[in-house]
Structure formats: C-alpha cells, structure tokens
Amino acid sequence: MKTLWGDYYINMKAKKIMKVDQAKGKKPLFVQLILENVWSLYDAVLKRDKEKIDRIVTSLGLKIGAREARHSDPKVQINAICSQWLPISHAVLAMVCQKLPSPLDITAERVEKLMCTGSQTFDSLPPETQALKAAFLKCGSEDTAPVIIFVSKMFAVDAKALPQNKPRPLTQEEIAQRRERARQRHAEKLAATQGPASVEPLEDGGAPETSPKGEETKGDEHQVEGKTLKPQPEEGSNHESFVAFARVFSGVARRGKKMFVLGPKYSPVEFLRRVPSGFSTPLDDLPPVPHMACCTLENLYLLMGRELEGLVEVPPGNVLGVGGLQDVVLKSATLCSSPACPPFVPLNFEATPIVRVAVEPKHPGEMPQLVRGMKLLNQADPCVQILIQETGEHVLVTAGEVHLQRCLDDLRERFAKIQISVSEPIIPFRETITKPPKVDMVNEEIGKQQKVAVIHQTKEDQSKIPEGIQVDSDGLITLTTPNKLAVLSVRAMPLPEEVTRILEENSDLIRSMEQLTSSLNEGRNTQTIHQKTQEKICEFKRKLEQHLTGRKWRNVVDQIWSFGPRKCGPNILVNRSEDFQNSVWTGSGVKASKEASRYRDLGNSIVSGFQLATLSGPMCEEPLMGVCFILEKWDLSKCEEQGASDKHNQERRDVVQEAQAEGEACPGRGENGGPQAGGSEPSEQKTSQRGESSLTDCYGPFSGQLIATMKEACRYALQVKPQRLMAAMYTCDIMATGDVLGRVYAVLSKREGRVLQEEMKEGTDMFIIKAVLPVAESFGFADEIRKRTSGLASPQLVFSHWEVIPSDPFWVPTTEEEYLHFGEKADSENQARKYMDAVRKRKGLYVEEKVVAHAEKQRTLSKNK
C-alpha cells in the first residue's frame, strides 16, 4: 500500500516494484493499477463501445440490468457499473473499520482530559471519581460496570420520523379483514339503493349484515385503523422532537434504565459532601444537588443517516441517539449510573458566536410562541446563544451571516412558526488605548509645531473636565469622593498585545483563582489548591512577568488586584497604595489588623468601580480590552479623622443621655425597674447606628461613593490617553482561479480587508488566499464575491481575533500639513468614527453630527430653483 503513492513503478519482466523509472515513459504505480482502469471504463461508456463494456462487466462479475444497459445517458450506465464494482457504502464502512481507532485504544491522558473541566486536575478529584478511570479504559459490558454516556448535542427531528410514530405495515390477516369489510359496505349501499325486495344474496350465500352489525363493523374498522396510526395524533401542535447525540463509554445502555443527568457545572464533590458514601436510598429520595437530575432511558436509536432504528440496548464504544431527554438536557450533559462521575468537557466549536440581532414577533400576541420557539432553537443548535437583555429584548447570537439566516429560517418555519421582525445585526466592539503616535496623519514626524498644537488641544479638552478633578501631565487622574473624605489617583496604561492574549487564554484559570479568593475572604475553606493548579498559576504569573518588563512595569505583576470585566477579562487593576496591599496571588493585608474588615469592604467598592468601568467604556459603552489601571494613591485620612471625631461626639452624647436617663429614673426605682428597662432600648438603637452615621451622609453610603468615584476616575484616565476602537475580525479563506484574483482583491479592499497569504494549490490552477476581514463589513460579502467572480471564488469566514482600528475617532487637523491635506473641515471618512457613531446611535447616546451639512446650498421656499 505504501508504494501506491510516490515515484514507484512496476517492472513487468522482473515482477517487482522499482523505486526509479528504469524504462523511460512509464507511469507511476497508482496511475497504472487504479486510475487507468477507471479511465478505461469511462472511455468505453462515453464512446459507447458495447463490446468493451460487456468484457469489463463480465470480467468483474457484475450483473447490469437491460434497462441501464440500453439507457442513452452515459451517467446512468457508469452509475450502474460503479455502484456494484466500487460501492461507496462498503468503501466508507471498510475505511472506518480499518482506520478509526477502537474504543479500547483510548489513552489514559485522554480519559483524564475528558474528566477534568476548566483548570481542574485529575489528582484533585475525589477517590470515588478517580476509580472510574479504570472503567473508561476497560470499556466493559458487564452488568457491574458503571454506565457512562456523554451527550454532545441535541438535534431536532420531525416527530413522524421516529420509529414509534411511523405507521407499521398491515399484516395479511388485517388486509383480508379490510377487504371483506369493504365488500360488505358495498353490498349495503346496493341494498339501500335497490330496496329490500331486490337485495340479492351475496356470493358466499350469506345474508347482508344489518345496521347494528354494520355499526359494529365500522367501529372495529376505526379501532384497527387507530392501532396502525396510533401515535400520530399524540403530537398535536408540536411536530418537533429532540434526540440526543451520544456515545457510550462504559457499560451497556438499556432501555428503561434509570440514570443520573449531570450538567456541565455539576461537581461530584458537592454530592459526596451531601450524601454519605455507600448510600442505598432510591434515586427519587436523594437530596437535591445542583446541576443533577434523574431520568429514564426511554428510547434508544441507531442513527442511520436520516433514518432512526429503535434499539433495546447499546454496547460500549458505540454512538447512539437517545430520545426523551429534552426536559433534562439543554445542549450537552453526562449520563451516568454513578453520581461520582464528573461532567465531561463540553465540545469546543471553532465558530464563535459574534453576530447578534434582536427578535420580536410582528403581532405582540404571539410573544409566547416566540419565547417557546427560541428555547427550542437554543436546544437544537449547539452554537447559538439566546439572551434576554435588561430592556426586555430577545437577542439571538450567531456565528455569522449564513448561520444567522439559517437560525431565523428555523425559527419561522420549524420552532416558532410565526412572522418575526429582526433588527439590524449588532456587531460588538472593544475599546482600548494606545501609545502616543510618533507621526501625524500625513506621515510627518511630530515636531515642536505638532506638540504645541496637541498641548493646546489638550488644554481645551481639560477645560471640559468638571471641577475637583486634577489631571497630571503624565495622565494621572486625582478625584475626590462627593463627601470629600477619600482621594483616589488613577492612571491608565495600554497592555502589550502578548499580555492581552495571555489573559484571554487563561480566563478559566483566572475565574478559578477568583472563586478561591472569594471563598477565603468569606472564611470558607471548601476549595483547596491542588499542586498542579498551583503550578498552572505559577506558570501564568511567570508569563506575565516575562512580558511586563521595563521601568514602568516594575513589580506590577505582584501588585495585580483584580481582572476585569466580570473578574476574568483582559484588563487588570494594579494597587500601588501603601496603606492597603492586596493581590490576586497572596490575598489582602493591611498594617493594622483591626481595620482589616473595613479596608476589605472599601477595597471591594474600589474593585466594583473598576469592574463597571471596564464593562462600558467612555467612547460607546463597549467593554474595554488590553488596559491596565494603576491605583497610585488611596487616601482615607480624612475619613478616619471624621470617623474618630464622630465616635468621640457620639460617646459624649451617650454619656449625657445616660446621665439624664438615670436622673429621670431615680423617683421610680421601686417599680421593678420599668423606666430603666425602657430607657435602655434607645441607647441600644443608637449604638447600632454609630458605624452608619460616620460613613453615611447626604451623598449616600460611603461604599457607593467609592464605586462611583473609581468608575469616573477610570473613565477620565482613559479619555486623557489616545483612545482606539477594536473590531472583531474574521479569518477569510478564499479559493479562486487565477483569472479572478484581481476581482477578489478589489472586493476585499473595498470592505477594509487585508490579504495575509496567497499560495497556489499544487496540481491545480486554484489559488488559496488567506485574509482578515472585519465582522462589521462581512454582511453580503459572500454574495458580492460570488457575483463579481461569476461563482469562481468561494469564501469561508471564521472568527479569529480582535484588532485595533488604527484611525483615531476623535482626530482633528492640528498642523499646517494636515490642514493642507485634509482641509479645514476634515470631513473625509473616518472608519473608527463611523463605527463609534453607529453604536452610540443604536444605544441612544449623544452623537456629534451636523444637522445642516452645507447651508449655502440650501434652497428657499420662494425660489425653488
């Protein structure tokens, strides 16, 4: 088999396969043994050489029907011969059996990877869970083996296609009964038309049946027909049924067996903590465990292309379909007979949902049908996401234009079956900052003239900043809380691209670190760091230290306080305050231990403000990406002085009130201390309100003031730096012939695309072009490129990364060269500005635009010329 490909030739005299072609002009082995036989068959059929066709059919031992042999279309003859000579079904099945590995060949590393989700390691699993590894490797079918089934996705099928809903064929006895009843009904009709006197006896000599018997017969007939088509009326309005696409990894899946349904977020540690080991209670009596349910395997199917065949049991290692799980499985799950089994790692799809639209019914009364239809679509498509925003909009998130159209068609025709209105596609963006540019818009080096203009422009921008905000020349923002008791100093810096990429790749690890830190702060030591997890954290920290080098990044990694947004994003908060040191690596620490809880609460407010700032940026309320916020100063001295003075004044007031209470209680001491007990209640209430009075004033709670102040400080720190938009980018693979390469490049350049690589496919005249294209410019791209190339080019789009748009959305001409090149208005198209204004309009934010573009060209009502 190895000599079929390559420069191997056959020597007929020596009957050997030679490496080098000794006799010139010989063909390679694959051409001589395989392709020439196929070419010979095609040549004989196309030239209608009947004798040669008969010899080929006879030598191969085939039986071709007379109708196919006499057919005028050569494709019919070739199909008839090849379907018997080289049947594709046998070839595919043989290839699967020979090439695909056996379920018994599964490696231990793959088993551990399947059983560990996120940053979890195999050694950190409970002993009961680790014991299931042997069942995976053995893949046994014994009755004692645990049954483990992984459901990778759910797919919708027509309810009529299920085996139990198909009308079964009638038997010979039922056919004879129906024939006899039809003859009897025909005889009754004749008797009714001709009268009772002219009724002739039937052929078998019997009398015709009377009306009651006829009614009974009709009833029997309906009963038999109901048996044959029994399941059809059960569906009613719902014509879609869901079947789970699954694989058995251990044990035998049998119909009627009860199983545990483990969701993707299920934890066996939680179950073993609630239920003692060796439990023997029924499944229905178990205590509720999050993300775990029970089900019964109702229907098992053999997946035969479009057809489904019912099964009673399925041995391990096979792929099957499971019916009746639509109420307990959303997209993926793990079915297991042992609750100690961990959930499998969900499938990772190459296509990332990036394009979203808002959907609503055309008739408001059909909103329940839309909600139900979107739930079915979410369950049927593993790559789609369904969201309900705070405004009440139902949002559909898809991978691209083609996927969006497919989902909308399914929603209209299959799941909701109503008319829907769809908004314009909502394209996400990201906001970031960059280093100050070294050249201007006309590629001139920024000199003194440019610097003077920039400083002048910066001063104009600073005049718009509200009072009470100090802006340093280095971009340091100093902001005071509304009650003037705390001062925050924040600086924003752009992160290197490598650091942003590392933060995106390790989002699961960052989320695990955050969960561990929160549990430790709350005093719960339920989560412990395993050795391998600790090694991953150390490796992650080492990568950050490797890329964050230089004077301005000194000791930054050790001072990282939080990540954002949602505490696992590609932005970091660095704490350089001397009073309160907190880090994601070591936890919190303060100089005075008695103030630990107070500083931790106020520190949580600072982090919350950072999270809000990174969730919506100042340009168009989009999330931030690749930004480092440094908290240079956090001054609470005034707050401490205020708290001390309030405490001293409160103590003096308490002493005066106690003295007054004792003076009033003296005449009534003999009455069982009633007035004394009544006087102690207000003192207790005032004591409980001491802490609140020092931190709450007319501006609200002090923690809320810190959140708002930190958020505003981060936004102003961004605005004093060069701001940029980041666009989502597709990787575009295009296959085209050399004749249409120019048209392909024209379409790409028109849509802000960029060609990365172009190479010719060996042995063909096709070129493979790799390019990047903004998602915002991708709508209609496939149709346009097919029209421009007459169908000779076909693109394939896959989400790749986020890329900074180089143009400044707030740019205005400042130098003499820029004024000469762009004009005083500088009204040439700015791509970043166009995207930013479109997003701000969609969100209802203020947009700076001219209502009247050219006032001198407007016409008056009197002279309409």
# chains A, B, ... in the order shown; residues from 1 in each chain; ligands from 1
call {"tool": "select_by_dssp", "arguments": {"residues": "stretch 2-161 of chain A", "states": "alpha helix (DSSP H)", "output": "JSON, numbers by chain"}}
result
{"A": [29, 30, 36, 37, 38, 39, 40, 41, 42, 43, 44, 45, 46, 50, 51, 52, 53, 54, 55, 56, 57, 58, 59, 60, 66, 67, 68, 69, 74, 75, 76, 77, 78, 79, 80, 81, 82, 83, 84, 85, 88, 89, 90, 91, 92, 93, 94, 95, 96, 97, 98, 99, 108, 109, 110, 111, 112, 113, 114, 115, 127, 128, 129, 130, 133, 134, 135, 136, 137, 138]}
call {"tool": "write_last_selection", "arguments": {"atoms": "C-alpha atoms", "output": "compact mmCIF listing (two decimals), in the first residue's frame"}}
result
# COMPACT_ATOMS: atom_id res chain seq x y z
CA LEU A 29 2.07 2.63 -9.79
CA PHE A 30 -1.14 4.37 -8.68
CA GLU A 36 -6.10 3.59 -15.85
CA ASN A 37 -8.82 1.06 -15.02
CA VAL A 38 -11.24 3.82 -14.07
CA TRP A 39 -10.32 5.84 -17.16
CA SER A 40 -10.81 2.76 -19.34
CA LEU A 41 -14.35 2.28 -18.00
CA TYR A 42 -15.23 5.94 -18.58
CA ASP A 43 -13.75 5.87 -22.08
CA ALA A 44 -15.74 2.76 -23.05
CA VAL A 45 -19.03 4.15 -21.75
CA LEU A 46 -18.61 7.62 -23.26
CA LYS A 50 -20.61 -2.11 -26.30
CA GLU A 51 -18.12 -4.96 -26.70
CA LYS A 52 -15.60 -3.41 -24.31
CA ILE A 53 -18.35 -2.67 -21.80
CA ASP A 54 -19.51 -6.27 -21.92
CA ARG A 55 -15.95 -7.51 -21.38
CA ILE A 56 -15.49 -5.23 -18.38
CA VAL A 57 -18.82 -6.27 -16.85
CA THR A 58 -18.06 -9.96 -17.45
CA SER A 59 -14.53 -9.76 -16.04
CA LEU A 60 -15.77 -8.01 -12.91
CA ALA A 66 -31.14 -4.41 -19.51
CA ARG A 67 -32.78 -1.05 -18.85
CA GLU A 68 -29.49 0.51 -17.60
CA ALA A 69 -27.51 -1.11 -20.43
CA PRO A 74 -23.85 7.52 -20.09
CA LYS A 75 -24.10 8.68 -16.44
CA VAL A 76 -26.75 6.03 -15.78
CA GLN A 77 -24.50 3.26 -17.15
CA ILE A 78 -21.46 4.44 -15.19
CA ASN A 79 -23.55 4.70 -12.02
CA ALA A 80 -24.95 1.18 -12.53
CA ILE A 81 -21.47 -0.33 -13.04
CA CYS A 82 -19.62 1.60 -10.30
CA SER A 83 -22.37 1.06 -7.70
CA GLN A 84 -21.70 -2.70 -7.98
CA TRP A 85 -17.96 -2.59 -8.70
CA ILE A 88 -19.25 3.79 -1.75
CA SER A 89 -21.10 2.45 1.30
CA HIS A 90 -18.82 -0.60 1.52
CA ALA A 91 -15.74 1.56 0.94
CA VAL A 92 -16.64 4.05 3.69
CA LEU A 93 -17.53 1.30 6.16
CA ALA A 94 -14.29 -0.57 5.45
CA MET A 95 -12.29 2.66 5.84
CA VAL A 96 -13.96 3.39 9.18
CA CYS A 97 -13.28 -0.12 10.46
CA GLN A 98 -9.65 -0.07 9.35
CA LYS A 99 -8.57 3.47 10.13
CA ALA A 108 -5.13 7.43 29.93
CA GLU A 109 -4.24 11.04 29.09
CA ARG A 110 -7.41 11.46 27.02
CA VAL A 111 -9.53 9.97 29.82
CA GLU A 112 -8.09 12.42 32.33
CA LYS A 113 -8.66 15.30 29.93
CA LEU A 114 -12.29 14.29 29.44
CA MET A 115 -12.92 14.05 33.17
CA PRO A 127 -11.12 8.92 45.10
CA GLU A 128 -14.57 7.65 44.02
CA THR A 129 -14.26 9.70 40.83
CA GLN A 130 -10.69 8.62 40.12
CA LYS A 133 -10.82 5.85 35.12
CA ALA A 134 -10.41 2.09 35.02
CA ALA A 135 -13.98 1.72 33.67
CA PHE A 136 -13.15 4.14 30.83
CA LEU A 137 -10.02 2.23 29.89
CA LYS A 138 -11.67 -1.20 30.13
call {"tool": "residues_around", "arguments": {"residues": "stretch 837-839 of chain A", "least_positions_apart": "4", "cutoff": "10 Å", "atoms": "only C-alpha atoms", "output": "VMD selection string"}}
result
chain A and resid 426 to 429 619 to 622 809 832 to 833 843 to 849
call {"tool": "closest_atom_pairs", "arguments": {"of": "stretch 338-452 of chain A", "to": "stretch 777-781 of chain A", "cutoff": "12 Å", "atoms": "only C-alpha atoms", "output": "Markdown table"}}
result
| residue | atom | partner | partner_atom | distance |
| --- | --- | --- | --- | --- |
| A:Ile354 | CA | A:Ser778 | CA | 11.9 |
| A:Val355 | CA | A:Phe779 | CA | 10.3 |
| A:Ala399 | CA | A:Ser778 | CA | 11.8 |
| A:Gly400 | CA | A:Phe779 | CA | 8.5 |
| A:Glu401 | CA | A:Phe779 | CA | 6.2 |
| A:Val402 | CA | A:Phe779 | CA | 9.2 |
| A:His403 | CA | A:Phe779 | CA | 11.7 |
| A:Leu404 | CA | A:Phe779 | CA | 10.7 |
| A:Gln405 | CA | A:Phe779 | CA | 11.2 |
| A:Glu424 | CA | A:Phe779 | CA | 10.7 |
| A:Pro425 | CA | A:Phe779 | CA | 8.9 |
| A:Ile426 | CA | A:Phe779 | CA | 11.5 |
| A:Ile427 | CA | A:Glu777 | CA | 9.8 |
call {"tool": "atom_distance", "arguments": {"atom1": "atom CA of A:Tyr745", "atom2": "atom CA of A:Gln831"}}
result
19.5 Å
call {"tool": "select_by_dssp", "arguments": {"residues": "stretch 285-332 of chain A", "states": "strand (DSSP E or B)", "output": "count of residues only"}}
result
23
call {"tool": "closest_residue", "arguments": {"among": "A:Ile388, A:Leu330, A:Ala746, A:Leu335", "to": "A:Met259", "atoms": "only C-alpha atoms"}}
result
A:Leu335
call {"tool": "atom_distance", "arguments": {"atom1": "atom CA of A:Asp765", "atom2": "atom CA of A:Val31"}}
result
20.9 Å
call {"tool": "residues_around", "arguments": {"residues": "stretch 370-383 of chain A", "least_positions_apart": "6", "cutoff": "9 Å", "atoms": "only C-alpha atoms", "output": "PyMOL selection string"}}
result
chain A and resi 152-156+240+242+326+329-332+349+351-353+359-361+394+396-399+407+410-412+414-418+420
call {"tool": "closest_residue", "arguments": {"among": "A:Val328, A:Leu170, A:Leu104, A:Leu509", "to": "A:Glu535", "atoms": "only C-alpha atoms"}}
result
A:Leu509
call {"tool": "residues_around", "arguments": {"residues": "A:Thr117", "least_positions_apart": "2", "cutoff": "10 Å", "atoms": "only C-alpha atoms", "output": "list in words"}}
result
Glu112, Lys113, Leu114, Met115, Ser119, Gln120, Thr121, Phe122, Pro264, Lys265, Pro342, Pro343, Phe344, Val345, Pro346 and Asp508 of chain A
call {"tool": "write_last_selection", "arguments": {"atoms": "C-alpha atoms", "output": "short mmCIF file (atom, residue, chain, number, x, y, z; two decimals), in the first residue's frame"}}
result
data_model
loop_
_atom_site.label_atom_id
_atom_site.label_comp_id
_atom_site.auth_asym_id
_atom_site.auth_seq_id
_atom_site.Cartn_x
_atom_site.Cartn_y
_atom_site.Cartn_z
CA GLU A 112 -8.09 12.42 32.33
CA LYS A 113 -8.66 15.30 29.93
CA LEU A 114 -12.29 14.29 29.44
CA MET A 115 -12.92 14.05 33.17
CA SER A 119 -8.38 24.35 35.29
CA GLN A 120 -9.25 21.25 37.34
CA THR A 121 -6.70 18.42 37.53
CA PHE A 122 -7.29 14.68 37.76
CA PRO A 264 -21.70 20.89 32.72
CA LYS A 265 -21.42 22.70 36.09
CA PRO A 342 -17.65 14.19 36.78
CA PRO A 343 -19.25 16.00 33.83
CA PHE A 344 -17.34 15.72 30.59
CA VAL A 345 -15.65 18.68 28.97
CA PRO A 346 -18.14 20.32 26.57
CA ASP A 508 -10.75 29.80 33.11
#
call {"tool": "closest_residue", "arguments": {"among": "A:Leu548, A:Cys628, A:Ala776, A:Val487", "to": "A:Ile572", "atoms": "only C-alpha atoms"}}
result
A:Cys628
call {"tool": "atom_distance", "arguments": {"atom1": "atom CA of A:Met735", "atom2": "atom CA of A:Thr789"}}
result
11.2 Å
call {"tool": "residues_around", "arguments": {"residues": "A:Leu311", "least_positions_apart": "6", "cutoff": "9 Å", "atoms": "only C-alpha atoms", "output": "PDB file with all heavy atoms, in the first residue's frame"}}
result
ATOM      1  N   ARG A 254     -29.306   0.362  28.319  1.00  0.00           N
ATOM      2  CA  ARG A 254     -30.518  -0.434  28.098  1.00  0.00           C
ATOM      3  C   ARG A 254     -31.748   0.453  28.254  1.00  0.00           C
ATOM      4  O   ARG A 254     -31.759   1.385  29.053  1.00  0.00           O
ATOM      5  CB  ARG A 254     -30.595  -1.592  29.092  1.00  0.00           C
ATOM      6  CG  ARG A 254     -29.530  -2.660  28.872  1.00  0.00           C
ATOM      7  CD  ARG A 254     -29.732  -3.838  29.813  1.00  0.00           C
ATOM      8  NE  ARG A 254     -28.805  -4.930  29.535  1.00  0.00           N
ATOM      9  CZ  ARG A 254     -27.584  -5.027  30.058  1.00  0.00           C
ATOM     10  NH1 ARG A 254     -27.159  -4.101  30.907  1.00  0.00           N
ATOM     11  NH2 ARG A 254     -26.806  -6.043  29.735  1.00  0.00           N
ATOM     12  N   ARG A 255     -32.739   0.122  27.473  1.00  0.00           N
ATOM     13  CA  ARG A 255     -33.985   0.868  27.531  1.00  0.00           C
ATOM     14  C   ARG A 255     -34.656   0.636  28.893  1.00  0.00           C
ATOM     15  O   ARG A 255     -34.745  -0.491  29.373  1.00  0.00           O
ATOM     16  CB  ARG A 255     -34.911   0.431  26.398  1.00  0.00           C
ATOM     17  CG  ARG A 255     -36.198   1.244  26.322  1.00  0.00           C
ATOM     18  CD  ARG A 255     -37.143   0.659  25.301  1.00  0.00           C
ATOM     19  NE  ARG A 255     -36.562   0.650  23.964  1.00  0.00           N
ATOM     20  CZ  ARG A 255     -37.135   0.097  22.915  1.00  0.00           C
ATOM     21  NH1 ARG A 255     -38.299  -0.531  23.057  1.00  0.00           N
ATOM     22  NH2 ARG A 255     -36.550   0.131  21.728  1.00  0.00           N
ATOM     23  N   ASN A 299     -36.115   5.794  24.902  1.00  0.00           N
ATOM     24  CA  ASN A 299     -35.953   5.313  23.533  1.00  0.00           C
ATOM     25  C   ASN A 299     -34.496   5.406  23.133  1.00  0.00           C
ATOM     26  O   ASN A 299     -33.860   6.449  23.324  1.00  0.00           O
ATOM     27  CB  ASN A 299     -36.803   6.129  22.560  1.00  0.00           C
ATOM     28  CG  ASN A 299     -38.289   6.064  22.901  1.00  0.00           C
ATOM     29  OD1 ASN A 299     -38.866   4.982  22.961  1.00  0.00           O
ATOM     30  ND2 ASN A 299     -38.894   7.219  23.139  1.00  0.00           N
ATOM     31  N   LEU A 300     -33.984   4.306  22.585  1.00  0.00           N
ATOM     32  CA  LEU A 300     -32.625   4.254  22.052  1.00  0.00           C
ATOM     33  C   LEU A 300     -32.714   4.042  20.541  1.00  0.00           C
ATOM     34  O   LEU A 300     -33.487   3.203  20.072  1.00  0.00           O
ATOM     35  CB  LEU A 300     -31.810   3.132  22.705  1.00  0.00           C
ATOM     36  CG  LEU A 300     -31.748   3.131  24.244  1.00  0.00           C
ATOM     37  CD1 LEU A 300     -30.917   1.960  24.735  1.00  0.00           C
ATOM     38  CD2 LEU A 300     -31.164   4.440  24.756  1.00  0.00           C
ATOM     39  N   TYR A 301     -31.918   4.805  19.794  1.00  0.00           N
ATOM     40  CA  TYR A 301     -31.998   4.761  18.338  1.00  0.00           C
ATOM     41  C   TYR A 301     -30.621   4.490  17.752  1.00  0.00           C
ATOM     42  O   TYR A 301     -29.589   4.947  18.285  1.00  0.00           O
ATOM     43  CB  TYR A 301     -32.525   6.086  17.770  1.00  0.00           C
ATOM     44  CG  TYR A 301     -33.861   6.509  18.318  1.00  0.00           C
ATOM     45  CD1 TYR A 301     -33.987   7.673  19.085  1.00  0.00           C
ATOM     46  CD2 TYR A 301     -35.007   5.762  18.084  1.00  0.00           C
ATOM     47  CE1 TYR A 301     -35.206   8.063  19.593  1.00  0.00           C
ATOM     48  CE2 TYR A 301     -36.234   6.152  18.593  1.00  0.00           C
ATOM     49  CZ  TYR A 301     -36.326   7.301  19.345  1.00  0.00           C
ATOM     50  OH  TYR A 301     -37.538   7.688  19.848  1.00  0.00           O
ATOM     51  N   LEU A 302     -30.632   3.780  16.639  1.00  0.00           N
ATOM     52  CA  LEU A 302     -29.459   3.622  15.801  1.00  0.00           C
ATOM     53  C   LEU A 302     -29.539   4.680  14.706  1.00  0.00           C
ATOM     54  O   LEU A 302     -30.523   4.741  13.966  1.00  0.00           O
ATOM     55  CB  LEU A 302     -29.407   2.218  15.189  1.00  0.00           C
ATOM     56  CG  LEU A 302     -28.263   1.939  14.208  1.00  0.00           C
ATOM     57  CD1 LEU A 302     -26.920   2.044  14.921  1.00  0.00           C
ATOM     58  CD2 LEU A 302     -28.422   0.565  13.570  1.00  0.00           C
TER      59      LEU A 302
END
call {"tool": "residues_around", "arguments": {"residues": "stretch 573-585 of chain A", "least_positions_apart": "4", "cutoff": "7 Å", "atoms": "only C-alpha atoms", "output": "PyMOL selection string"}}
result
chain A and resi 556+558-563+589-591+628-634
call {"tool": "closest_residue", "arguments": {"among": "A:Ser512, A:Gln389, A:Asn604, A:Asn483", "to": "A:Pro701", "atoms": "only C-alpha atoms"}}
result
A:Asn483
call {"tool": "decode", "arguments": {"residues": "stretch 732-745 of chain A", "atoms": "N, CA and C atoms", "output": "JSON list (two decimals), in the first residue's frame"}}
result
[["chain", "number", "residue", "atom", "x", "y", "z"],
["A", 732, "CYS", "N", -10.53, 34.85, 6.64],
["A", 732, "CYS", "CA", -11.23, 34.57, 5.38],
["A", 732, "CYS", "C", -10.34, 33.70, 4.50],
["A", 733, "ASP", "N", -10.78, 32.48, 4.21],
["A", 733, "ASP", "CA", -10.10, 31.58, 3.29],
["A", 733, "ASP", "C", -10.88, 31.54, 1.98],
["A", 734, "ILE", "N", -10.22, 31.93, 0.90],
["A", 734, "ILE", "CA", -10.86, 32.03, -0.41],
["A", 734, "ILE", "C", -10.13, 31.13, -1.39],
["A", 735, "MET", "N", -10.87, 30.33, -2.12],
["A", 735, "MET", "CA", -10.32, 29.52, -3.21],
["A", 735, "MET", "C", -10.83, 30.11, -4.52],
["A", 736, "ALA", "N", -9.91, 30.49, -5.38],
["A", 736, "ALA", "CA", -10.28, 31.14, -6.64],
["A", 736, "ALA", "C", -9.26, 30.78, -7.71],
["A", 737, "THR", "N", -9.67, 30.92, -8.94],
["A", 737, "THR", "CA", -8.78, 30.71, -10.08],
["A", 737, "THR", "C", -7.96, 31.98, -10.33],
["A", 738, "GLY", "N", -6.91, 31.83, -11.12],
["A", 738, "GLY", "CA", -6.05, 32.96, -11.39],
["A", 738, "GLY", "C", -6.72, 34.07, -12.18],
["A", 739, "ASP", "N", -7.79, 33.75, -12.90],
["A", 739, "ASP", "CA", -8.45, 34.77, -13.72],
["A", 739, "ASP", "C", -9.20, 35.80, -12.89],
["A", 740, "VAL", "N", -9.61, 35.45, -11.70],
["A", 740, "VAL", "CA", -10.46, 36.35, -10.91],
["A", 740, "VAL", "C", -9.76, 36.87, -9.66],
["A", 741, "LEU", "N", -8.43, 36.74, -9.59],
["A", 741, "LEU", "CA", -7.73, 37.21, -8.40],
["A", 741, "LEU", "C", -7.88, 38.72, -8.22],
["A", 742, "GLY", "N", -7.83, 39.47, -9.30],
["A", 742, "GLY", "CA", -7.98, 40.91, -9.20],
["A", 742, "GLY", "C", -9.33, 41.32, -8.66],
["A", 743, "ARG", "N", -10.39, 40.63, -9.07],
["A", 743, "ARG", "CA", -11.72, 40.95, -8.56],
["A", 743, "ARG", "C", -11.84, 40.61, -7.07],
["A", 744, "VAL", "N", -11.21, 39.50, -6.67],
["A", 744, "VAL", "CA", -11.24, 39.13, -5.25],
["A", 744, "VAL", "C", -10.55, 40.20, -4.41],
["A", 745, "TYR", "N", -9.39, 40.67, -4.86],
["A", 745, "TYR", "CA", -8.66, 41.70, -4.13],
["A", 745, "TYR", "C", -9.47, 43.00, -4.09]]
